[in-house]
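A.B. asks: This is protein.csv, which holds CSV, C-alpha atoms:
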chain,number,residue,atom,x,y,z
A,28,MET,CA,-34.0,-88.2,39.0
A,29,THR,CA,-36.4,-85.6,37.5
A,30,LEU,CA,-38.1,-86.7,34.3
A,31,VAL,CA,-38.0,-83.3,32.7
A,32,LYS,CA,-36.4,-83.6,29.2
A,33,ASN,CA,-33.9,-80.8,28.9
A,34,TYR,CA,-32.6,-81.7,25.4
A,35,LYS,CA,-33.8,-82.6,21.9
A,36,LYS,CA,-32.5,-84.7,19.1
A,37,ILE,CA,-31.1,-82.6,16.2
A,38,GLY,CA,-29.5,-85.3,14.0
A,39,LYS,CA,-28.5,-88.9,13.7
A,40,ASP,CA,-25.8,-88.7,16.4
A,41,LYS,CA,-26.4,-85.2,18.0
A,42,ILE,CA,-28.6,-83.9,20.7
A,43,GLN,CA,-29.1,-80.2,21.8
A,44,CYS,CA,-29.0,-79.4,25.4
A,45,ILE,CA,-31.4,-76.6,26.4
A,46,ALA,CA,-30.2,-76.0,30.0
A,47,CYS,CA,-28.5,-72.7,29.1
A,48,ASN,CA,-28.2,-70.2,26.3
A,49,HIS,CA,-25.3,-72.0,24.8
A,50,TYR,CA,-27.8,-74.6,23.5
A,51,CYS,CA,-24.9,-76.9,22.9
A,52,ALA,CA,-25.1,-79.4,20.1
A,53,ILE,CA,-23.5,-82.5,21.5
A,54,LYS,CA,-22.2,-85.5,19.6
A,55,GLU,CA,-22.4,-89.1,20.9
A,56,GLY,CA,-20.0,-89.5,23.8
A,57,ARG,CA,-19.2,-85.8,24.1
A,58,VAL,CA,-20.1,-83.2,26.6
A,59,GLY,CA,-21.3,-79.6,26.3
A,60,THR,CA,-19.5,-76.4,27.3
A,61,CYS,CA,-20.2,-77.1,31.0
A,62,GLY,CA,-18.4,-80.4,30.8
A,63,VAL,CA,-21.0,-82.3,32.8
A,64,ARG,CA,-23.9,-82.8,30.4
A,65,GLN,CA,-23.1,-85.7,28.1
A,66,ASN,CA,-24.7,-87.4,25.0
A,67,LEU,CA,-24.8,-91.0,26.0
A,68,GLY,CA,-26.7,-93.2,23.6
A,69,GLY,CA,-28.7,-90.3,22.2
A,70,GLU,CA,-29.8,-89.2,25.6
A,71,LEU,CA,-28.5,-86.4,27.8
A,72,LYS,CA,-26.8,-87.7,31.0
A,73,LEU,CA,-26.0,-85.4,33.9
A,74,LEU,CA,-22.6,-86.7,35.0
A,75,VAL,CA,-22.8,-84.9,38.4
A,76,TYR,CA,-26.2,-85.9,39.5
A,77,GLY,CA,-26.0,-86.6,43.3
A,78,LYS,CA,-22.3,-85.6,43.2
A,79,ALA,CA,-21.4,-82.6,45.4
A,80,ALA,CA,-17.9,-81.1,45.0
A,81,ALA,CA,-18.3,-78.5,47.7
A,82,VAL,CA,-20.6,-78.5,50.7
A,83,ASN,CA,-20.8,-76.0,53.6
A,84,VAL,CA,-23.1,-74.2,56.0
A,85,ASP,CA,-22.9,-70.5,55.3
A,86,PRO,CA,-24.6,-67.3,56.6
A,87,ILE,CA,-27.1,-66.2,54.0
A,88,GLU,CA,-25.3,-62.9,53.7
A,89,LYS,CA,-22.3,-64.8,52.1
A,90,LYS,CA,-24.4,-65.5,49.0
A,91,PRO,CA,-24.7,-62.5,49.1
A,92,LEU,CA,-28.3,-61.9,50.1
A,93,TYR,CA,-28.9,-59.1,52.5
A,94,HIS,CA,-32.7,-58.8,52.3
A,95,PHE,CA,-33.7,-62.5,52.4
A,96,LEU,CA,-33.9,-64.3,55.8
A,97,PRO,CA,-31.1,-62.1,57.3
A,98,GLY,CA,-29.1,-63.7,60.1
A,99,SER,CA,-30.0,-67.2,59.0
A,100,LYS,CA,-27.9,-70.2,57.9
A,101,SER,CA,-28.0,-71.7,54.4
A,102,PHE,CA,-26.9,-75.2,53.5
A,103,SER,CA,-24.7,-74.6,50.5
A,104,PHE,CA,-23.5,-77.0,47.8
A,105,GLY,CA,-22.2,-77.1,44.2
A,106,THR,CA,-20.7,-79.5,41.7
A,107,VAL,CA,-17.9,-79.5,39.3
A,108,GLY,CA,-18.2,-77.7,35.9
A,109,CYS,CA,-19.5,-74.4,34.6
A,110,ASN,CA,-21.0,-73.0,31.5
A,111,PHE,CA,-18.8,-69.8,31.8
A,112,ARG,CA,-15.0,-69.5,31.5
A,113,CYS,CA,-14.6,-66.4,33.7
A,114,ASP,CA,-11.0,-65.3,33.8
A,115,ASN,CA,-11.6,-64.0,37.4
A,116,CYS,CA,-13.2,-67.2,38.7
A,117,GLN,CA,-12.4,-67.9,42.4
A,118,ASN,CA,-13.7,-71.4,42.3
A,119,PHE,CA,-11.8,-72.5,39.2
A,120,ASP,CA,-10.6,-75.7,41.0
A,121,ILE,CA,-14.1,-77.1,40.7
A,122,SER,CA,-15.7,-75.1,38.0
A,123,GLN,CA,-12.9,-75.5,35.4
A,124,ILE,CA,-12.3,-79.2,35.4
A,125,SER,CA,-10.1,-80.6,32.7
A,126,GLY,CA,-11.0,-83.0,29.9
A,127,PHE,CA,-14.1,-81.2,28.7
A,128,LYS,CA,-13.6,-81.9,25.0
A,129,GLY,CA,-12.5,-85.5,25.4
A,130,GLN,CA,-14.3,-88.7,24.6
A,131,LEU,CA,-16.2,-90.8,27.1
A,132,GLU,CA,-13.1,-92.7,28.3
A,133,LYS,CA,-11.6,-89.5,29.6
A,134,TYR,CA,-14.2,-89.5,32.3
A,135,LYS,CA,-13.3,-92.9,33.8
A,136,ASN,CA,-10.9,-91.5,36.3
A,137,MET,CA,-12.4,-88.0,36.7
A,138,ARG,CA,-13.3,-87.1,40.3
A,139,LEU,CA,-16.8,-85.7,39.9
A,140,GLY,CA,-17.6,-85.2,43.6
A,141,TYR,CA,-18.9,-87.0,46.6
A,142,ASP,CA,-22.1,-88.9,46.8
A,143,PHE,CA,-24.7,-86.5,48.1
A,144,PRO,CA,-28.2,-87.2,46.8
A,145,PRO,CA,-31.0,-84.7,47.1
A,146,GLU,CA,-32.5,-86.5,50.1
A,147,GLU,CA,-29.2,-86.2,52.0
A,148,ILE,CA,-28.8,-82.5,51.3
A,149,VAL,CA,-32.3,-81.8,52.6
A,150,LYS,CA,-31.6,-83.9,55.7
A,151,LYS,CA,-28.3,-82.2,56.4
A,152,ALA,CA,-29.9,-78.8,56.0
A,153,VAL,CA,-32.6,-79.6,58.6
A,154,GLU,CA,-30.0,-81.1,61.0
A,155,ASN,CA,-27.9,-78.0,60.8
A,156,HIS,CA,-30.9,-75.7,61.5
A,157,CYS,CA,-30.6,-74.0,58.1
A,158,ARG,CA,-33.6,-72.1,56.8
A,159,SER,CA,-32.6,-72.5,53.2
A,160,ILE,CA,-30.5,-74.5,50.7
A,161,ALA,CA,-28.1,-72.5,48.5
A,162,TYR,CA,-27.2,-73.8,45.0
A,163,THR,CA,-23.8,-72.1,44.7
A,164,TYR,CA,-20.0,-72.4,44.2
A,165,ASN,CA,-20.5,-73.1,40.5
A,166,GLU,CA,-23.4,-72.4,38.2
A,167,PRO,CA,-26.5,-74.3,39.3
A,168,THR,CA,-28.0,-74.3,35.8
A,169,ILE,CA,-25.5,-76.9,34.7
A,170,PHE,CA,-26.7,-79.4,37.4
A,171,LEU,CA,-30.3,-78.5,36.8
A,172,GLU,CA,-31.9,-81.9,37.3
A,173,TYR,CA,-30.0,-82.4,40.5
A,174,ALA,CA,-30.9,-79.0,41.7
A,175,LEU,CA,-34.6,-79.2,40.8
A,176,ASP,CA,-35.1,-82.5,42.6
A,177,THR,CA,-33.5,-81.1,45.7
A,178,MET,CA,-35.6,-77.9,45.5
A,179,LYS,CA,-38.8,-79.9,45.4
A,180,LEU,CA,-37.8,-82.0,48.5
A,181,ALA,CA,-36.7,-78.8,50.3
A,182,ARG,CA,-40.1,-77.3,49.9
A,183,GLU,CA,-41.6,-80.3,51.6
A,184,LYS,CA,-39.5,-79.5,54.7
A,185,ASP,CA,-40.3,-75.8,54.6
A,186,LEU,CA,-36.8,-74.9,53.4
A,187,LYS,CA,-36.3,-72.0,51.0
A,188,ASN,CA,-34.3,-72.4,47.8
A,189,VAL,CA,-31.6,-69.9,46.9
A,190,TRP,CA,-29.5,-69.8,43.7
A,191,VAL,CA,-26.2,-67.9,43.1
A,192,SER,CA,-26.2,-67.7,39.3
A,193,ASN,CA,-24.6,-66.1,36.3
A,194,GLY,CA,-28.1,-65.7,34.9
A,195,PHE,CA,-27.3,-67.5,31.6
A,196,MET,CA,-30.0,-70.2,31.9
A,197,SER,CA,-32.3,-70.8,28.9
A,198,PRO,CA,-35.8,-69.3,29.0
A,199,GLU,CA,-37.2,-72.9,29.1
A,200,VAL,CA,-35.2,-73.7,32.2
A,201,LEU,CA,-35.9,-70.4,33.9
A,202,GLU,CA,-39.6,-71.2,33.6
A,203,GLN,CA,-39.0,-74.6,35.2
A,204,ILE,CA,-37.1,-73.3,38.2
A,205,LEU,CA,-39.1,-70.1,39.1
A,206,PRO,CA,-41.9,-71.9,40.8
A,207,TRP,CA,-39.4,-73.5,43.2
A,208,LEU,CA,-37.0,-70.6,43.5
A,209,ASP,CA,-37.3,-68.3,46.5
A,210,ALA,CA,-34.3,-66.0,46.1
A,211,VAL,CA,-31.4,-65.6,43.7
A,212,ASN,CA,-28.3,-63.5,43.5
A,213,VAL,CA,-27.3,-62.9,39.8
A,214,ASP,CA,-23.8,-61.7,38.8
A,215,LEU,CA,-24.1,-58.9,36.3
A,216,LYS,CA,-20.4,-58.9,35.4
A,217,SER,CA,-20.4,-56.0,33.0
A,218,PHE,CA,-22.8,-54.1,30.7
A,219,GLU,CA,-20.6,-54.7,27.7
A,220,ASP,CA,-21.2,-57.8,25.6
A,221,GLU,CA,-17.5,-57.7,24.5
A,222,PHE,CA,-16.5,-58.3,28.2
A,223,TYR,CA,-18.8,-61.3,28.4
A,224,ARG,CA,-17.5,-62.9,25.2
A,225,LYS,CA,-13.8,-62.2,25.9
A,226,HIS,CA,-13.6,-62.9,29.6
A,227,CYS,CA,-16.6,-65.2,30.3
A,228,GLY,CA,-17.1,-67.2,27.1
A,229,ALA,CA,-20.8,-66.1,26.9
A,230,GLY,CA,-23.0,-63.2,26.0
A,231,LEU,CA,-24.7,-60.3,27.9
A,232,ASP,CA,-28.2,-60.1,26.4
A,233,PRO,CA,-29.6,-63.5,27.8
A,234,VAL,CA,-28.5,-62.4,31.3
A,235,LEU,CA,-30.3,-59.1,31.0
A,236,GLU,CA,-33.5,-60.8,29.7
A,237,ASN,CA,-33.4,-63.3,32.5
A,238,LEU,CA,-32.9,-60.6,35.1
A,239,LYS,CA,-36.0,-58.8,33.9
A,240,LYS,CA,-38.0,-62.0,34.0
A,241,ILE,CA,-36.9,-62.8,37.5
A,242,ALA,CA,-37.7,-59.3,38.6
A,243,GLU,CA,-41.3,-59.7,37.3
A,244,SER,CA,-41.7,-63.0,39.2
A,245,LYS,CA,-42.2,-63.6,42.9
A,246,THR,CA,-38.6,-64.6,43.4
A,247,TRP,CA,-36.5,-62.3,45.5
A,248,LEU,CA,-33.6,-60.8,43.5
A,249,GLU,CA,-30.3,-59.2,44.3
A,250,VAL,CA,-27.4,-58.4,41.9
A,251,THR,CA,-23.7,-58.5,42.3
A,252,THR,CA,-20.9,-56.8,40.2
A,253,LEU,CA,-17.2,-57.5,40.6
A,254,LEU,CA,-15.1,-54.4,39.9
A,255,ILE,CA,-12.0,-55.7,37.9
A,256,PRO,CA,-9.5,-52.9,37.4
A,257,GLY,CA,-9.4,-51.9,33.8
A,258,LEU,CA,-12.0,-54.4,32.7
A,259,SER,CA,-15.3,-53.8,34.4
A,260,ASP,CA,-14.8,-50.8,36.7
A,261,ASP,CA,-15.1,-47.8,34.3
A,262,ARG,CA,-17.7,-45.2,35.3
A,263,GLU,CA,-19.8,-45.5,32.2
A,264,ASN,CA,-20.1,-49.2,32.6
A,265,LEU,CA,-21.1,-48.9,36.2
A,266,GLN,CA,-23.7,-46.2,35.4
A,267,LYS,CA,-25.2,-48.5,32.8
A,268,ILE,CA,-25.5,-51.3,35.3
A,269,ALA,CA,-27.0,-49.1,38.0
A,270,GLY,CA,-29.4,-47.5,35.5
A,271,PHE,CA,-30.5,-51.0,34.3
A,272,ILE,CA,-31.2,-52.2,37.8
A,273,LYS,CA,-33.2,-49.0,38.7
A,274,ASN,CA,-35.2,-48.8,35.4
A,275,GLU,CA,-35.7,-52.5,34.5
A,276,LEU,CA,-35.5,-54.4,37.8
A,277,GLY,CA,-36.6,-51.9,40.4
A,278,GLU,CA,-35.1,-49.4,42.8
A,279,GLU,CA,-35.4,-51.8,45.7
A,280,VAL,CA,-33.3,-54.5,44.1
A,281,PRO,CA,-30.0,-54.5,46.1
A,282,TRP,CA,-26.8,-54.0,44.2
A,283,HIS,CA,-23.7,-55.6,45.7
A,284,ILE,CA,-20.4,-54.3,44.5
A,285,SER,CA,-17.3,-56.4,45.2
A,286,ALA,CA,-13.6,-55.7,45.2
A,287,PHE,CA,-11.4,-57.9,42.9
A,288,SER,CA,-8.4,-59.8,44.2
A,289,GLY,CA,-6.0,-61.2,41.6
A,290,ALA,CA,-4.4,-63.6,44.2
A,291,ILE,CA,-7.5,-65.8,44.2
A,292,SER,CA,-8.5,-65.5,40.5
A,293,TRP,CA,-8.0,-68.0,37.8
A,294,LYS,CA,-6.3,-66.1,35.0
A,295,LEU,CA,-6.0,-62.5,36.3
A,296,ARG,CA,-3.4,-62.9,39.0
A,297,ASP,CA,-1.3,-60.0,37.6
A,298,TYR,CA,-4.2,-57.5,37.9
A,299,PRO,CA,-4.2,-55.1,40.8
A,300,GLU,CA,-6.8,-55.2,43.5
A,301,THR,CA,-9.8,-52.8,43.4
A,302,SER,CA,-9.0,-49.6,45.1
A,303,ALA,CA,-11.1,-48.2,47.9
A,304,GLU,CA,-11.6,-45.0,45.7
A,305,LYS,CA,-13.1,-47.1,42.9
A,306,MET,CA,-15.4,-48.9,45.3
A,307,LYS,CA,-16.5,-45.6,46.7
A,308,GLU,CA,-17.2,-44.3,43.2
A,309,ALA,CA,-19.3,-47.3,42.4
A,310,TYR,CA,-21.2,-46.9,45.7
A,311,GLN,CA,-22.0,-43.3,44.8
A,312,ILE,CA,-23.0,-44.2,41.3
A,313,GLY,CA,-25.6,-46.6,42.6
A,314,PHE,CA,-27.3,-44.1,44.8
A,315,GLU,CA,-27.1,-41.4,42.2
A,316,ALA,CA,-29.0,-43.7,39.9
A,317,GLY,CA,-31.8,-43.9,42.4
A,318,LEU,CA,-31.1,-47.4,44.0
A,319,LYS,CA,-32.2,-47.7,47.6
A,320,TYR,CA,-29.7,-50.4,48.6
A,321,VAL,CA,-26.0,-50.5,47.5
A,322,TYR,CA,-23.5,-52.6,49.4
A,323,ALA,CA,-19.8,-52.8,49.2
A,324,GLY,CA,-19.6,-56.4,50.2
A,325,ASN,CA,-15.9,-57.0,50.9
A,326,ILE,CA,-14.5,-53.6,51.7
A,327,SER,CA,-15.2,-51.1,54.5
A,328,LEU,CA,-16.8,-47.8,53.5
A,329,PRO,CA,-18.0,-45.1,55.8
A,330,ARG,CA,-21.6,-45.6,56.9
A,331,THR,CA,-22.3,-41.9,56.4
A,332,LEU,CA,-21.4,-42.0,52.7
A,333,ARG,CA,-24.9,-42.2,51.4
A,334,GLY,CA,-26.0,-39.3,53.5
A,335,SER,CA,-23.2,-37.2,52.0
A,336,LEU,CA,-24.6,-37.3,48.5
Taking this structure as input, can you express it in the form of C-alpha cells?
C.D. replies:
Amino acid sequence: MTLVKNYKKIGKDKIQCIACNHYCAIKEGRVGTCGVRQNLGGELKLLVYGKAAAVNVDPIEKKPLYHFLPGSKSFSFGTVGCNFRCDNCQNFDISQISGFKGQLEKYKNMRLGYDFPPEEIVKKAVENHCRSIAYTYNEPTIFLEYALDTMKLAREKDLKNVWVSNGFMSPEVLEQILPWLDAVNVDLKSFEDEFYRKHCGAGLDPVLENLKKIAESKTWLEVTTLLIPGLSDDRENLQKIAGFIKNELGEEVPWHISAFSGAISWKLRDYPETSAEKMKEAYQIGFEAGLKYVYAGNISLPRTLRGSL
C-alpha cells in the first residue's frame, strides 16, 4: 500500500482526511463522508483497499472519452462508497452503501467488494488486451491509495490511466495523481453552487478550480453534463458551462451532454426523461459558445446539426 500520508491529526481523537474538499474531521472508529476512509487508532485506514465492487472491460468511449485511444478497450473497476450524494446517481447500489455514520462494529458484516489487488488489476488488463485502466463506477478519489498504487504498476506495463471523476479531489491529491494520470472525464453537473449543495452534497467552486488545473496539465480532459429536467437543463446554466469550458479549459476540450433517465436514478425516479429538443438545444449552445467538439452521448441527433448553425 502507498506510503503517502493523506491525513493529519487535528486533536486528541480526531484526524482530518485530505483526500477531497470535504476535509472530513473523523473521530476514532468513525468514517468520513465517503464511508470508506476510517480513523482507526489515530491513523487513516482505507477500508476498500484491494476491494473491487465492480469490474468490467469497457470500450473507452463508454467513460466517455472520445479523443483518447479511440476504439480501444479499458479495464474498468470501482469500489463501494462516494464523497457525493447525487440524487441522480445510477450506481447508487455501490456508491451509497449503508451504515456510513455508524461505529466500527457496523462494518463487521459489510460487503466491501471482492479481493482485487493492484497487481491483479494490471494483470487482467494486459490479459484482456486493454490499453488503459479506468478508475470509475464510483469516485476514484475516495480509494486514492488503491488507485495510486494501481496507476504506478500500470505505467510499468505501458497501460494508460483514466479517471472518471466528480472533480472534488483536494488540491493536495490532484498534485499527487496528475503525474500518473493520462486522461480524465469530469462531471460538471451544473454551474450553480446551490444545485451541488442540494443535490450532490458538495460545492461547485472546487470542481471548477480542479478543472482549470487539469486543463493546464498534460492530462487529457473531457467534460460531461447530465441534463436533468428542471434541475440542470435551463439555457442560462448550459451557456455558463459551455462558456467556462471555452474560456477557461479550451475550445478543444470535448463536452459530452447526456440525457437523464429517472428509471435508473437513485432519488429522482419521478422526474421525466430529457427531451430530444432539450438535448438539441444544449448541443447548439456548445457550438455557439465556440466549442469544437460537442457530443450527445446517449441520444441520436442529426449529424448535420452543427453545420446548420
A.B. asks: Sort by chain and increasing residue number a table of all residues of segment 209-297 of chain A within 8 Å of segment 104-115 of chain A, each with its closest pair of atoms and their distance in Å to one decimal, counting only C-alpha atoms, and write it as JSON lines.
C.D. replies:
{"residue": "A:His226", "atom": "CA", "partner": "A:Cys113", "partner_atom": "CA", "distance": 5.5}
{"residue": "A:Cys227", "atom": "CA", "partner": "A:Cys113", "partner_atom": "CA", "distance": 4.1}
{"residue": "A:Gly228", "atom": "CA", "partner": "A:Arg112", "partner_atom": "CA", "distance": 5.4}
{"residue": "A:Ala229", "atom": "CA", "partner": "A:Phe111", "partner_atom": "CA", "distance": 6.5}
{"residue": "A:Gly289", "atom": "CA", "partner": "A:Asn115", "partner_atom": "CA", "distance": 7.5}
{"residue": "A:Ser292", "atom": "CA", "partner": "A:Asn115", "partner_atom": "CA", "distance": 4.6}
{"residue": "A:Trp293", "atom": "CA", "partner": "A:Asn115", "partner_atom": "CA", "distance": 5.4}
{"residue": "A:Lys294", "atom": "CA", "partner": "A:Asp114", "partner_atom": "CA", "distance": 4.9}
{"residue": "A:Leu295", "atom": "CA", "partner": "A:Asn115", "partner_atom": "CA", "distance": 5.9}
A.B. asks: Please report the interatomic distance between atom CA of Ser159 of chain A and atom CA of His283 of chain A in Å with one decimal.
C.D. replies: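 Computing the Euclidean distance for atom CA of Ser159 of chain A and atom CA of His283 of chain A yields 20.5 Å.
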A.B. asks: With only C-alpha atoms as the basis for distance, which of A:Gln117, A:Lys32, A:Glu275, A:Glu308 is at the shortest distance from Arg296 of chain A?
C.D. replies: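 For Arg296 of chain A, the nearest of the given residues is A:Gln117.
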A.B. asks: Between atom CA of Ala181 of chain A and atom CA of Glu199 of chain A, what is the distance, to one decimal in Å?
C.D. replies: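 Calculated distance between atom CA of Ala181 of chain A and atom CA of Glu199 of chain A is 22.0 Å.
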A.B. asks: Could you check the closest approach to Leu318 of chain A for each of A:Asp209, A:Asp40, A:Glu279, A:Glu219 and tell me which residue wins, using all atoms listed in the file?
C.D. replies: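 Among the listed residues, the smallest separation from Leu318 of chain A belongs to A:Glu279.
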A.B. asks: Which value, in Å to one decimal, gives the distance between atom CA of Ile255 of chain A and atom CA of Ser103 of chain A?
C.D. replies: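 Between atom CA of Ile255 of chain A and atom CA of Ser103 of chain A the gap works out to 26.0 Å.
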A.B. asks: Sorted by chain and rising residue number, which residues of segment 167-281 of chain A lie within 8 Å of segment 76-81 of chain A, and what are their closest atom pairs and distances in Å to one decimal, counting only C-alpha atoms, as CSV?
C.D. replies:
residue,atom,partner,partner_atom,distance
A:Phe170,CA,A:Tyr76,CA,6.8
A:Glu172,CA,A:Tyr76,CA,7.3
A:Tyr173,CA,A:Tyr76,CA,5.3
A.B. asks: Go through A:Gly270, A:Leu265, A:Val191, A:Asn48 and flag the residue nearest Leu231 of chain A, using all atoms listed in the file for the distances.
C.D. replies: A:Asn48
A.B. asks: List the spatial neighbours of Gly194 of chain A as a PDB file with C-alpha atoms, in the frame of the given file - criterion: any atom at most 10 Å away, only C-alpha atoms, same-chain residues fewer than 5 positions off excluded.
C.D. replies:
ATOM      1  CA  CYS A  47     -28.500 -72.700  29.100  1.00  0.00           C
ATOM      2  CA  ASN A  48     -28.200 -70.200  26.300  1.00  0.00           C
ATOM      3  CA  GLU A 166     -23.400 -72.400  38.200  1.00  0.00           C
ATOM      4  CA  PRO A 167     -26.500 -74.300  39.300  1.00  0.00           C
ATOM      5  CA  THR A 168     -28.000 -74.300  35.800  1.00  0.00           C
ATOM      6  CA  LEU A 201     -35.900 -70.400  33.900  1.00  0.00           C
ATOM      7  CA  VAL A 211     -31.400 -65.600  43.700  1.00  0.00           C
ATOM      8  CA  ASN A 212     -28.300 -63.500  43.500  1.00  0.00           C
ATOM      9  CA  VAL A 213     -27.300 -62.900  39.800  1.00  0.00           C
ATOM     10  CA  ASP A 214     -23.800 -61.700  38.800  1.00  0.00           C
ATOM     11  CA  LEU A 215     -24.100 -58.900  36.300  1.00  0.00           C
ATOM     12  CA  LEU A 231     -24.700 -60.300  27.900  1.00  0.00           C
ATOM     13  CA  PRO A 233     -29.600 -63.500  27.800  1.00  0.00           C
ATOM     14  CA  VAL A 234     -28.500 -62.400  31.300  1.00  0.00           C
ATOM     15  CA  LEU A 235     -30.300 -59.100  31.000  1.00  0.00           C
ATOM     16  CA  GLU A 236     -33.500 -60.800  29.700  1.00  0.00           C
ATOM     17  CA  ASN A 237     -33.400 -63.300  32.500  1.00  0.00           C
ATOM     18  CA  LEU A 238     -32.900 -60.600  35.100  1.00  0.00           C
ATOM     19  CA  ILE A 241     -36.900 -62.800  37.500  1.00  0.00           C
TER      20      ILE A 241
END
A.B. asks: Give me the residues near Arg158 of chain A as an NGL selection string, where near means some atom within 7 Å (using all atoms listed in the file) and where sequence neighbours in that chain fewer than 4 positions away do not count.
C.D. replies: :A and (99-101 or 186-187)
A.B. asks: Under the rule that all atoms listed in the file are counted, which of A:Ile87, A:Val200, A:Val149, A:Ala161 is the nearest residue to Asp176 of chain A?
C.D. replies: A:Val149
A.B. asks: Show me, as a PyMOL selection string, the residues that have an atom within 9 Å of segment 34-37 of chain A when counting all atoms listed in the file, minus same-chain residues fewer than 5 positions from it.
C.D. replies: chain A and resi 42-46+50+52+69-71
A.B. asks: Please determine, counting only C-alpha atoms, which residue among A:Tyr162, A:Tyr223, A:Tyr322, A:Trp247 has the shortest atom-to-atom distance to Trp282 of chain A.
C.D. replies: A:Tyr322
A.B. asks: Between A:Phe102, A:Phe119, A:Tyr310, A:Tyr164, single out the one closest to Arg262 of chain A, counting all atoms listed in the file.
C.D. replies: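 Using all atoms listed in the file, Arg262 of chain A sits closest to A:Tyr310.
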